[in-house]
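Source file: start01.tsv (TSV, C-alpha atoms and all ligand atoms)
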```tsv
chain	number	residue	atom	x	y	z
E	17	MET	CA	-31.28	1.50	-1.94
E	18	PHE	CA	-30.66	0.14	-5.41
E	19	LYS	CA	-33.00	0.69	-8.38
E	20	SER	CA	-34.41	-2.06	-10.57
E	21	LYS	CA	-35.00	-2.06	-14.32
E	22	ILE	CA	-36.18	-4.46	-16.99
E	23	THR	CA	-33.13	-5.44	-19.05
E	24	GLY	CA	-34.65	-8.11	-21.30
E	25	ALA	CA	-38.02	-9.52	-22.37
E	26	GLY	CA	-39.11	-12.57	-24.33
E	27	HIS	CA	-42.25	-14.50	-25.17
E	28	TYR	CA	-43.42	-17.79	-26.60
E	29	LEU	CA	-46.73	-18.58	-28.30
E	30	PRO	CA	-47.98	-22.05	-29.26
E	31	GLU	CA	-48.26	-22.44	-33.04
E	32	LYS	CA	-51.92	-23.45	-33.21
E	33	VAL	CA	-54.21	-20.52	-34.04
E	34	VAL	CA	-57.86	-21.00	-33.04
E	35	THR	CA	-60.23	-18.52	-34.68
E	36	ASN	CA	-63.72	-17.65	-33.51
E	37	LYS	CA	-64.97	-19.55	-36.55
E	38	ASP	CA	-63.15	-22.65	-35.23
E	39	LEU	CA	-65.02	-22.27	-31.93
E	40	GLU	CA	-68.34	-21.98	-33.79
E	41	LYS	CA	-67.77	-25.59	-34.89
E	42	ILE	CA	-67.56	-26.96	-31.34
E	43	MET	CA	-70.04	-24.81	-29.38
E	44	ASP	CA	-73.06	-22.59	-29.87
E	45	THR	CA	-71.32	-19.25	-30.36
E	46	THR	CA	-70.62	-16.79	-33.18
E	47	ASP	CA	-67.64	-14.82	-34.38
E	48	GLU	CA	-69.82	-11.71	-34.14
E	49	TRP	CA	-70.76	-12.30	-30.47
E	50	ILE	CA	-67.15	-12.85	-29.42
E	51	ARG	CA	-65.80	-9.83	-31.35
E	52	GLU	CA	-68.54	-7.47	-30.18
E	53	ARG	CA	-68.35	-8.44	-26.50
E	54	SER	CA	-64.59	-8.90	-26.13
E	55	GLY	CA	-62.68	-7.75	-29.23
E	56	ILE	CA	-61.15	-11.22	-29.61
E	57	GLU	CA	-60.65	-12.58	-33.15
E	58	GLU	CA	-58.35	-15.52	-32.48
E	59	ARG	CA	-56.18	-17.07	-29.79
E	60	ARG	CA	-53.42	-19.72	-29.52
E	61	PHE	CA	-54.02	-23.17	-28.06
E	62	ALA	CA	-51.12	-25.32	-26.90
E	63	GLU	CA	-50.45	-28.76	-28.32
E	64	TYR	CA	-51.08	-31.36	-25.64
E	65	GLY	CA	-47.89	-33.27	-24.87
E	66	LYS	CA	-45.65	-30.61	-26.43
E	67	ASP	CA	-46.30	-27.32	-24.67
E	68	THR	CA	-46.60	-27.08	-20.88
E	69	THR	CA	-47.02	-24.05	-18.65
E	70	ALA	CA	-43.45	-24.54	-17.42
E	71	ASN	CA	-41.74	-25.18	-20.74
E	72	MET	CA	-43.46	-22.23	-22.42
E	73	GLY	CA	-42.14	-20.13	-19.52
E	74	THR	CA	-38.66	-21.58	-20.04
E	75	LYS	CA	-38.73	-20.73	-23.77
E	76	ALA	CA	-39.79	-17.14	-23.06
E	77	SER	CA	-37.13	-16.89	-20.33
E	78	ARG	CA	-34.27	-17.98	-22.60
E	79	ILE	CA	-35.09	-15.14	-24.99
E	80	ALA	CA	-35.40	-12.61	-22.14
E	81	ILE	CA	-32.04	-13.68	-20.68
E	82	GLU	CA	-30.32	-13.40	-24.07
E	83	ARG	CA	-31.82	-9.96	-24.73
E	84	ALA	CA	-30.58	-8.85	-21.30
E	85	GLY	CA	-27.07	-9.82	-22.40
E	86	LEU	CA	-26.87	-12.38	-19.60
E	87	THR	CA	-26.49	-16.14	-19.24
E	88	VAL	CA	-28.60	-18.52	-17.17
E	89	ASP	CA	-25.97	-18.51	-14.42
E	90	ASP	CA	-26.41	-14.74	-13.94
E	91	ILE	CA	-30.00	-15.29	-12.80
E	92	ASP	CA	-30.35	-15.26	-8.98
E	93	PHE	CA	-34.06	-15.96	-8.53
E	94	ILE	CA	-37.13	-17.10	-10.50
E	95	ILE	CA	-40.65	-15.80	-9.89
E	96	PHE	CA	-43.40	-17.60	-11.82
E	97	ALA	CA	-47.00	-16.39	-12.07
E	98	THR	CA	-49.74	-18.67	-13.38
E	99	LEU	CA	-53.28	-19.86	-12.66
E	100	SER	CA	-52.84	-22.91	-14.91
E	101	PRO	CA	-49.96	-24.92	-13.44
E	102	ASP	CA	-48.89	-28.28	-14.83
E	103	TYR	CA	-49.08	-29.91	-11.39
E	104	TYR	CA	-51.48	-28.97	-8.61
E	105	PHE	CA	-48.22	-28.71	-6.68
E	106	PRO	CA	-45.32	-27.98	-6.98
E	107	GLY	CA	-45.68	-24.82	-9.06
E	108	PRO	CA	-43.84	-24.47	-12.37
E	109	GLY	CA	-41.05	-22.22	-11.03
E	110	THR	CA	-38.88	-25.14	-10.00
E	111	THR	CA	-39.38	-26.85	-13.37
E	112	VAL	CA	-38.05	-23.73	-15.06
E	113	GLN	CA	-35.05	-23.78	-12.70
E	114	TYR	CA	-34.37	-27.34	-13.93
E	115	GLU	CA	-35.16	-26.74	-17.61
E	116	LEU	CA	-32.90	-23.69	-17.84
E	117	GLY	CA	-30.04	-26.00	-16.85
E	118	GLY	CA	-28.01	-23.50	-14.85
E	119	LYS	CA	-25.21	-24.55	-12.53
E	120	ARG	CA	-26.79	-23.03	-9.40
E	121	THR	CA	-29.69	-24.19	-7.22
E	122	ILE	CA	-31.39	-20.79	-7.32
E	123	ALA	CA	-34.71	-20.20	-5.56
E	124	ALA	CA	-38.03	-20.37	-7.41
E	125	LEU	CA	-41.21	-18.72	-6.13
E	126	ASP	CA	-44.71	-19.36	-7.52
E	127	VAL	CA	-47.29	-16.59	-7.42
E	128	ARG	CA	-51.06	-17.21	-7.59
E	129	ASN	CA	-52.62	-13.89	-8.43
E	130	GLN	CA	-54.26	-14.71	-11.75
E	131	CYS	CA	-54.52	-11.72	-14.10
E	132	SER	CA	-52.56	-9.52	-11.67
E	133	GLY	CA	-49.95	-12.25	-11.16
E	134	PHE	CA	-47.27	-10.71	-13.33
E	135	ILE	CA	-47.44	-7.26	-11.68
E	136	TYR	CA	-47.51	-8.84	-8.21
E	137	SER	CA	-44.43	-10.87	-9.22
E	138	LEU	CA	-42.69	-7.81	-10.64
E	139	SER	CA	-43.36	-6.02	-7.36
E	140	VAL	CA	-41.83	-8.88	-5.34
E	141	ALA	CA	-38.80	-8.92	-7.65
E	142	ASP	CA	-38.48	-5.14	-7.34
E	143	GLN	CA	-38.26	-5.38	-3.53
E	144	PHE	CA	-35.60	-8.12	-3.65
E	145	ILE	CA	-33.49	-6.05	-6.04
E	146	LYS	CA	-33.92	-2.73	-4.23
E	147	THR	CA	-32.80	-4.22	-0.91
E	148	GLY	CA	-29.69	-5.70	-2.55
E	149	MET	CA	-30.62	-9.35	-1.99
E	150	TYR	CA	-30.48	-10.27	-5.71
E	151	LYS	CA	-29.05	-8.71	-8.90
E	152	ASN	CA	-30.98	-10.40	-11.72
E	153	ILE	CA	-34.44	-11.92	-11.35
E	154	LEU	CA	-36.45	-13.76	-13.96
E	155	VAL	CA	-40.13	-12.81	-13.76
E	156	ILE	CA	-42.36	-15.15	-15.76
E	157	GLY	CA	-46.07	-15.27	-16.61
E	158	SER	CA	-47.26	-18.37	-18.45
E	159	GLU	CA	-50.69	-19.88	-19.02
E	160	LEU	CA	-51.92	-23.05	-20.63
E	161	HIS	CA	-55.64	-22.41	-20.31
E	162	SER	CA	-56.93	-24.54	-23.15
E	163	SER	CA	-56.65	-27.87	-21.33
E	164	GLY	CA	-58.80	-26.57	-18.43
E	165	LEU	CA	-61.58	-24.80	-20.33
E	166	ASP	CA	-65.07	-26.17	-20.86
E	167	LEU	CA	-65.10	-25.94	-24.67
E	168	THR	CA	-68.77	-26.87	-24.94
E	169	THR	CA	-71.79	-24.54	-25.07
E	170	ARG	CA	-72.07	-24.84	-21.27
E	171	GLY	CA	-68.69	-23.15	-20.80
E	172	ARG	CA	-68.89	-20.66	-23.69
E	173	ALA	CA	-69.25	-17.49	-21.57
E	174	VAL	CA	-65.72	-18.08	-20.24
E	175	SER	CA	-63.91	-20.38	-22.65
E	176	VAL	CA	-64.08	-18.10	-25.71
E	177	LEU	CA	-62.10	-15.46	-23.82
E	178	PHE	CA	-58.87	-17.31	-22.99
E	179	GLY	CA	-55.69	-18.23	-24.88
E	180	ASP	CA	-52.31	-19.82	-24.15
E	181	GLY	CA	-48.84	-18.27	-24.13
E	182	ALA	CA	-45.89	-17.17	-22.01
E	183	GLY	CA	-43.82	-14.06	-21.42
E	184	ALA	CA	-40.80	-13.30	-19.26
E	185	VAL	CA	-38.65	-10.36	-18.27
E	186	VAL	CA	-35.31	-10.03	-16.52
E	187	LEU	CA	-35.34	-7.44	-13.75
E	188	SER	CA	-31.83	-6.24	-12.91
E	189	ARG	CA	-30.09	-4.04	-10.38
E	190	SER	CA	-29.45	-0.51	-11.58
E	191	GLU	CA	-28.10	2.67	-10.06
E	192	GLU	CA	-29.75	5.14	-12.46
E	193	GLU	CA	-31.81	7.67	-10.47
E	194	GLY	CA	-35.40	8.19	-11.58
E	195	LYS	CA	-35.37	5.23	-13.98
E	196	GLY	CA	-36.66	1.67	-14.00
E	197	ILE	CA	-39.57	0.50	-11.81
E	198	LEU	CA	-40.68	3.74	-10.15
E	199	SER	CA	-43.36	2.13	-7.98
E	200	THR	CA	-45.82	-0.77	-7.78
E	201	HIS	CA	-49.31	-0.74	-6.22
E	202	LEU	CA	-51.13	-3.90	-5.15
E	203	HIS	CA	-54.71	-4.45	-3.93
E	204	SER	CA	-57.19	-7.23	-3.21
E	205	GLN	CA	-60.84	-7.65	-2.22
E	206	GLY	CA	-61.47	-11.25	-1.22
E	207	GLU	CA	-65.23	-11.08	-0.85
E	208	PHE	CA	-65.36	-11.46	-4.62
E	209	ALA	CA	-63.35	-14.73	-4.71
E	210	GLU	CA	-66.27	-16.65	-6.20
E	211	ALA	CA	-67.04	-14.03	-8.86
E	212	LEU	CA	-64.25	-15.54	-10.94
E	213	TYR	CA	-62.84	-18.86	-9.83
E	214	VAL	CA	-62.22	-22.55	-10.30
E	215	ARG	CA	-63.72	-24.44	-7.37
E	216	GLY	CA	-61.74	-27.64	-7.54
E	217	PRO	CA	-59.48	-29.34	-6.91
E	218	GLY	CA	-59.43	-27.77	-3.47
E	219	ASN	CA	-60.59	-28.26	0.07
E	220	PHE	CA	-64.18	-27.34	-0.80
E	221	THR	CA	-64.33	-30.38	-3.08
E	222	PRO	CA	-62.62	-33.25	-1.21
E	223	ARG	CA	-62.56	-36.40	-3.30
E	224	LYS	CA	-64.05	-38.55	-0.53
E	225	TYR	CA	-67.28	-36.50	-0.73
E	226	TYR	CA	-67.61	-36.63	-4.55
E	227	PRO	CA	-70.37	-39.25	-4.53
E	228	LYS	CA	-72.52	-36.87	-2.42
E	229	MET	CA	-71.86	-33.75	-4.54
E	230	ASP	CA	-73.60	-32.66	-7.69
E	231	GLU	CA	-71.58	-32.24	-10.87
E	232	ASP	CA	-71.81	-28.44	-10.88
E	233	TYR	CA	-70.33	-28.25	-7.40
E	234	ILE	CA	-67.34	-30.44	-8.29
E	235	ASN	CA	-66.82	-28.49	-11.53
E	236	THR	CA	-63.13	-27.88	-12.21
E	237	THR	CA	-63.60	-25.35	-15.01
E	238	PRO	CA	-63.52	-21.54	-14.59
E	239	GLN	CA	-66.78	-19.87	-13.49
E	240	MET	CA	-67.33	-16.13	-13.82
E	241	ASP	CA	-69.89	-13.45	-13.09
E	242	GLY	CA	-68.78	-11.54	-16.17
E	243	GLN	CA	-70.75	-8.35	-15.60
E	244	LEU	CA	-69.66	-8.01	-11.97
E	245	VAL	CA	-66.04	-8.51	-13.02
E	246	PHE	CA	-66.46	-5.97	-15.81
E	247	LYS	CA	-67.99	-3.29	-13.54
E	248	ASN	CA	-65.29	-3.65	-10.90
E	249	ALA	CA	-62.47	-3.85	-13.47
E	250	VAL	CA	-63.17	-0.51	-15.11
E	251	VAL	CA	-63.22	1.29	-11.74
E	252	ARG	CA	-60.16	-0.42	-10.25
E	253	PHE	CA	-58.03	-0.09	-13.39
E	254	THR	CA	-58.45	3.66	-13.45
E	255	GLU	CA	-57.95	3.98	-9.68
E	256	VAL	CA	-54.73	2.00	-9.55
E	257	ILE	CA	-53.26	3.78	-12.57
E	258	MET	CA	-54.00	7.18	-11.00
E	259	GLU	CA	-52.44	5.92	-7.75
E	260	ALA	CA	-49.21	5.10	-9.61
E	261	LEU	CA	-49.15	8.41	-11.47
E	262	LYS	CA	-49.93	10.55	-8.40
E	263	THR	CA	-47.29	8.76	-6.29
E	264	ASN	CA	-44.68	9.84	-8.83
E	265	ASN	CA	-46.10	13.31	-9.60
E	266	TYR	CA	-47.20	12.47	-13.12
E	267	THR	CA	-50.55	12.79	-14.92
E	268	PRO	CA	-52.04	10.62	-17.71
E	269	ALA	CA	-50.79	13.23	-20.21
E	270	ASP	CA	-47.21	12.20	-19.34
E	271	LEU	CA	-47.75	8.56	-20.35
E	272	ASN	CA	-46.09	7.25	-23.50
E	273	MET	CA	-47.82	3.87	-23.16
E	274	PHE	CA	-50.60	2.24	-21.18
E	275	VAL	CA	-50.16	-1.54	-21.03
E	276	PRO	CA	-53.47	-2.96	-19.80
E	277	HIS	CA	-54.00	-6.57	-18.88
E	278	GLN	CA	-56.06	-7.96	-21.78
E	279	ALA	CA	-59.31	-9.20	-20.20
E	280	ASN	CA	-61.66	-7.53	-22.66
E	281	LEU	CA	-61.00	-4.88	-25.31
E	282	ARG	CA	-64.00	-2.91	-24.06
E	283	ILE	CA	-62.44	-2.65	-20.58
E	284	SER	CA	-59.18	-1.31	-22.06
E	285	GLN	CA	-61.06	1.16	-24.26
E	286	PHE	CA	-63.17	2.39	-21.33
E	287	VAL	CA	-60.04	3.06	-19.25
E	288	GLN	CA	-58.32	4.64	-22.26
E	289	ARG	CA	-61.21	7.12	-22.54
E	290	GLN	CA	-61.07	7.88	-18.80
E	291	LEU	CA	-57.35	8.68	-19.12
E	292	LYS	CA	-57.89	10.58	-22.42
E	293	LEU	CA	-55.18	8.57	-24.19
E	294	THR	CA	-54.83	8.41	-27.97
E	295	ASP	CA	-54.82	4.95	-29.63
E	296	ASP	CA	-51.05	5.03	-30.21
E	297	ARG	CA	-50.54	5.20	-26.41
E	298	VAL	CA	-52.37	1.94	-25.58
E	299	TYR	CA	-51.08	-1.53	-26.47
E	300	ASN	CA	-53.73	-4.20	-27.05
E	301	ASN	CA	-53.14	-7.71	-28.34
E	302	ILE	CA	-56.36	-9.38	-27.17
E	303	GLN	CA	-57.57	-9.45	-30.78
E	304	ARG	CA	-54.77	-11.92	-31.68
E	305	LEU	CA	-54.22	-13.76	-28.39
E	306	GLY	CA	-57.33	-13.55	-26.20
E	307	ASN	CA	-56.84	-13.26	-22.45
E	308	THR	CA	-53.51	-14.90	-21.60
E	309	THR	CA	-53.90	-13.92	-17.91
E	310	ALA	CA	-50.52	-13.74	-16.09
E	311	ALA	CA	-48.69	-13.99	-19.42
E	312	THR	CA	-50.39	-11.00	-21.03
E	313	ILE	CA	-48.24	-8.15	-19.78
E	314	PRO	CA	-44.81	-9.80	-20.29
E	315	ILE	CA	-45.92	-10.90	-23.79
E	316	ILE	CA	-46.80	-7.27	-24.56
E	317	ILE	CA	-43.47	-6.00	-23.19
E	318	SER	CA	-41.67	-8.54	-25.38
E	319	GLU	CA	-43.74	-7.64	-28.45
E	320	MET	CA	-42.96	-3.95	-27.91
E	321	TRP	CA	-39.28	-4.87	-27.44
E	322	GLU	CA	-39.26	-6.69	-30.80
E	323	LYS	CA	-41.05	-3.84	-32.56
E	324	ASN	CA	-38.56	-1.35	-31.12
E	325	MET	CA	-41.44	0.53	-29.49
E	326	ILE	CA	-39.66	1.11	-26.17
E	327	LYS	CA	-37.56	4.28	-26.13
E	328	GLU	CA	-35.18	5.61	-23.50
E	329	ASN	CA	-37.05	7.77	-20.92
E	330	ASP	CA	-40.50	6.55	-22.04
E	331	LEU	CA	-43.06	6.44	-19.23
E	332	HIS	CA	-45.21	3.28	-19.24
E	333	VAL	CA	-47.92	2.17	-16.85
E	334	LEU	CA	-48.77	-1.52	-16.49
E	335	ALA	CA	-52.16	-2.33	-14.93
E	336	ALA	CA	-54.18	-5.47	-14.28
E	337	PHE	CA	-57.39	-6.62	-12.63
E	338	GLY	CA	-58.66	-10.15	-12.14
E	339	SER	CA	-59.72	-13.05	-10.01
E	340	GLY	CA	-59.46	-12.63	-6.26
E	341	PHE	CA	-60.37	-9.84	-6.89
E	342	THR	CA	-56.82	-8.58	-7.16
E	343	TRP	CA	-55.57	-5.56	-9.03
E	344	ALA	CA	-52.22	-3.84	-9.45
E	345	SER	CA	-50.15	-1.31	-11.36
E	346	ALA	CA	-46.49	-0.58	-12.01
E	347	LEU	CA	-45.01	2.66	-13.31
E	348	ILE	CA	-41.86	2.30	-15.40
E	349	LYS	CA	-39.46	4.92	-16.71
E	350	TRP	CA	-37.40	3.15	-19.42
Y	401	LIG	N1	-71.46	-16.98	-27.48
Y	401	LIG	C1	-72.74	-16.62	-27.66
Y	401	LIG	N2	-73.53	-16.25	-26.64
Y	401	LIG	C2	-73.01	-16.24	-25.40
Y	401	LIG	C3	-71.68	-16.60	-25.16
Y	401	LIG	C4	-70.89	-16.99	-26.26
Y	401	LIG	N3	-69.61	-17.33	-26.14
Y	401	LIG	N4	-71.43	-16.48	-23.85
Y	401	LIG	C5	-72.56	-16.06	-23.27
Y	401	LIG	N5	-73.53	-15.92	-24.22
Y	401	LIG	C6	-74.91	-15.46	-24.05
Y	401	LIG	C7	-75.40	-15.60	-22.63
Y	401	LIG	O1	-75.90	-16.90	-22.42
Y	401	LIG	C8	-76.46	-14.54	-22.55
Y	401	LIG	O2	-77.63	-15.04	-23.16
Y	401	LIG	P1	-79.10	-14.69	-22.56
Y	401	LIG	O3	-79.20	-13.20	-22.64
Y	401	LIG	O4	-80.02	-15.42	-23.47
Y	401	LIG	O5	-79.06	-15.19	-21.15
Y	401	LIG	C9	-75.95	-13.41	-23.46
Y	401	LIG	O6	-74.94	-14.06	-24.29
Y	401	LIG	C10	-75.33	-12.26	-22.70
Y	401	LIG	O7	-74.39	-12.78	-21.75
Y	401	LIG	P2	-73.67	-11.85	-20.72
Y	401	LIG	O8	-72.81	-12.68	-19.83
Y	401	LIG	O9	-74.67	-10.92	-20.12
Y	401	LIG	O10	-72.73	-10.99	-21.70
Y	401	LIG	P3	-71.86	-9.74	-21.36
Y	401	LIG	O11	-72.28	-8.62	-22.22
Y	401	LIG	O12	-71.73	-9.50	-19.90
Y	401	LIG	O13	-70.42	-10.18	-21.87
Y	401	LIG	C11	-68.30	-10.99	-21.05
Y	401	LIG	C12	-69.79	-11.29	-21.28
Y	401	LIG	C13	-67.62	-10.79	-22.40
Y	401	LIG	C14	-67.71	-12.18	-20.34
Y	401	LIG	C15	-68.13	-9.71	-20.20
Y	401	LIG	O14	-69.00	-9.74	-19.09
Y	401	LIG	C16	-66.72	-9.52	-19.72
Y	401	LIG	O15	-65.79	-9.34	-20.49
Y	401	LIG	N6	-66.50	-9.49	-18.40
Y	401	LIG	C17	-65.18	-9.27	-17.85
Y	401	LIG	C18	-64.28	-10.44	-18.02
Y	401	LIG	C19	-63.00	-10.19	-17.25
Y	401	LIG	O16	-62.56	-9.07	-17.11
Y	401	LIG	N7	-62.42	-11.20	-16.68
Y	401	LIG	C20	-61.30	-10.93	-15.79
Y	401	LIG	C21	-60.08	-11.44	-16.22
Y	401	LIG	S1	-59.97	-13.15	-16.18
Y	401	LIG	C22	-59.04	-13.59	-14.82
Y	401	LIG	O17	-58.71	-12.83	-13.96
Y	401	LIG	C23	-58.73	-15.02	-14.74
```
Mind converting the file's structure to structure tokens?
Ligand code: ACO
Amino acid sequence: MFKSKITGAGHYLPEKVVTNKDLEKIMDTTDEWIRERSGIEERRFAEYGKDTTANMGTKASRIAIERAGLTVDDIDFIIFATLSPDYYFPGPGTTVQYELGGKRTIAALDVRNQCSGFIYSLSVADQFIKTGMYKNILVIGSELHSSGLDLTTRGRAVSVLFGDGAGAVVLSRSEEEGKGILSTHLHSQGEFAEALYVRGPGNFTPRKYYPKMDEDYINTTPQMDGQLVFKNAVVRFTEVIMEALKTNNYTPADLNMFVPHQANLRISQFVQRQLKLTDDRVYNNIQRLGNTTAATIPIIISEMWEKNMIKENDLHVLAAFGSGFTWASALIKW
């Protein structure tokens, strides 16, 4: 069996910064409420007609490929995680295959696992590399939430939390023992599908029945039972991190960095306390970017890459929880 390791990371953020004060102007909310409940101070919103979920992913990917010391034609496979695709179908993976402009007709796979989408994708990539099927896989998370949010007072409980952006990593074949992706751990609990979801478009809202349905039922914006999500998230995060550490005979004390999916700063801080980690061993960017869902973790990896925060032999745990419910972790020895 081969090993797999991340050899490059990149990210792209739309230029437009939207502060909590900006949101105060368009809905009944306050900077204080958003900061206290979520930790968020500002987020990025894409420019309609310029940024797309796919092209943000392509921009992040180009940087990741360059940092890996590779060219587009070295990439064997694309895995793209998003909950905010440009088309209902096909997913954005094939658009990235086209936009990258490589010579080969490489495969593109789209993953729909929301906040856990990047770790699920990394896990799929890891299996393809370990079995020898592929050598270099692009794993992308990209979200353009802003066009699908209800930015009125009605949607405020959800819409203040989300931001746009993209991140990508290159996962490559390696033969270094005890290094790279040590293990990944994936879970789901489908009875909570409607605790955090977008109902339509889908088979529960067929267009031919629209005249008979009330507006709330047809609603195509995200709906969330925030407290239920919160309560489950704090338990599952800790569980899946401990699962990754125990599988590899480590304890939280061995971790150099905890990279939590950024759903809410209070969730990350709760888990940090459970694991008894000091502030310098947790990376949060929700204050600047909000919840960028599948893009969050690759954006963080790229930010750490740029800040030279990733050192040889560092032990990092990635963990995410979100809609589905799905949750996941990955343990990495750099
Ligand atoms: N501004 C001002 N007031 C608001 C806002 C807002 N943006 N949103 C809701 N409120 C009001 C509510 O109407 C409610 O008012 P009421 O008491 O008069 O009824 C009050 O604030 C409290 O609302 P709650 O929903 O109880 O607030 P809570 O403390 O639960 O915080 C939050 C809400 C931040 C959403 C929290 O529950 C949370 O972070 N949950 C987890 C989110 C998460 O992890 N999502 C998963 C990832 S996303 C994914 O996978 C796609």
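We find CA of Thr169 (chain E) and CA of Val34 (chain E) to be spaced 16.4 Å apart.
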Quick one: contact table of chain E to ligand LIG 401 (chain Y), 6 Å max, nearest atom pair and distance in Å to one decimal per residue, counting all atoms listed in the file, chain and number order, as a Markdown table?
```
| residue | atom | partner | partner_atom | distance |
| --- | --- | --- | --- | --- |
| E:Thr45 | CA | Y:LIG401 | N1 | 3.7 |
| E:Thr46 | CA | Y:LIG401 | N1 | 5.8 |
| E:Trp49 | CA | Y:LIG401 | C1 | 5.5 |
| E:Arg53 | CA | Y:LIG401 | C13 | 4.8 |
| E:Ser54 | CA | Y:LIG401 | C13 | 5.2 |
| E:Gln130 | CA | Y:LIG401 | O17 | 5.3 |
| E:Cys131 | CA | Y:LIG401 | O17 | 4.3 |
| E:Arg172 | CA | Y:LIG401 | N3 | 4.2 |
| E:Ala173 | CA | Y:LIG401 | N4 | 3.3 |
| E:Val176 | CA | Y:LIG401 | N3 | 5.6 |
| E:Gly242 | CA | Y:LIG401 | O14 | 3.4 |
| E:Gln243 | CA | Y:LIG401 | O14 | 4.1 |
| E:Val245 | CA | Y:LIG401 | C17 | 5.0 |
| E:Phe246 | CA | Y:LIG401 | C17 | 4.1 |
| E:Ala279 | CA | Y:LIG401 | O16 | 4.5 |
| E:Asn280 | CA | Y:LIG401 | O15 | 5.0 |
| E:Thr309 | CA | Y:LIG401 | C23 | 5.9 |
| E:Gly338 | CA | Y:LIG401 | O17 | 3.2 |
| E:Ser339 | CA | Y:LIG401 | O17 | 4.1 |
```
Worksheet item: Counting all atoms listed in the file, which of E:Val287, E:Leu138, E:Val333, E:Ala182 gets nearest to Ser20 (chain E)?
Response: E:Leu138
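Shell of Ala344 (chain E) at 6 Å, with all atoms listed in the file counted and residues fewer than 6 places along the chain excluded, is His201, Leu202, Ala335 and Ala336 of chain E.
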Could you turn the residues from that selection into a file that holds C-alpha atoms, as a tab-separated table (two decimals), in the coordinates of the input?
```tsv
chain	number	residue	atom	x	y	z
E	201	HIS	CA	-49.31	-0.74	-6.22
E	202	LEU	CA	-51.13	-3.90	-5.15
E	335	ALA	CA	-52.16	-2.33	-14.93
E	336	ALA	CA	-54.18	-5.47	-14.28
```
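Atom to atom, CA of Gly85 (chain E) and CA of Thr121 (chain E) stand 21.1 Å apart.
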Worksheet item: Which residue out of E:Val185, E:Val112, E:Leu271, E:Ala124 has the minimum interatomic distance to Ser318 (chain E) when only C-alpha atoms are used?
Response: E:Val185
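Shortest atom-to-atom contact with Lys349 (chain E) among E:Asn300, E:Ser199, E:Thr308, E:Ser132: E:Ser199, counting only C-alpha atoms.
Ranking E:Thr254, E:Ser137, E:Thr221, E:Thr23 by their shortest atom-to-atom distance to Asn152 (chain E), with all atoms listed in the file included, puts E:Thr23 first.
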Practice prompt. Do a neighbour search on His27 (chain E) at 9 Å with only C-alpha atoms, toss out local chain neighbours closer than 3 positions, and write the hits as a ChimeraX atom specification.
Written response: /E:72-73,75-77,79-80,181-185,311,314-319
Please produce a file of the residues just selected, as a compact mmCIF listing (two decimals), in the coordinates of the input, where the atoms kept are C-alpha atoms.
```txt
# COMPACT_ATOMS: atom_id res chain seq x y z
CA MET E 72 -43.46 -22.23 -22.42
CA GLY E 73 -42.14 -20.13 -19.52
CA LYS E 75 -38.73 -20.73 -23.77
CA ALA E 76 -39.79 -17.14 -23.06
CA SER E 77 -37.13 -16.89 -20.33
CA ILE E 79 -35.09 -15.14 -24.99
CA ALA E 80 -35.40 -12.61 -22.14
CA GLY E 181 -48.84 -18.27 -24.13
CA ALA E 182 -45.89 -17.17 -22.01
CA GLY E 183 -43.82 -14.06 -21.42
CA ALA E 184 -40.80 -13.30 -19.26
CA VAL E 185 -38.65 -10.36 -18.27
CA ALA E 311 -48.69 -13.99 -19.42
CA PRO E 314 -44.81 -9.80 -20.29
CA ILE E 315 -45.92 -10.90 -23.79
CA ILE E 316 -46.80 -7.27 -24.56
CA ILE E 317 -43.47 -6.00 -23.19
CA SER E 318 -41.67 -8.54 -25.38
CA GLU E 319 -43.74 -7.64 -28.45
```
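Shortest separation to Arg59 (chain E) among E:Gly164, E:Pro106, E:Gly194, E:Gly179 occurs at residue E:Gly179, atoms counted being all atoms listed in the file.
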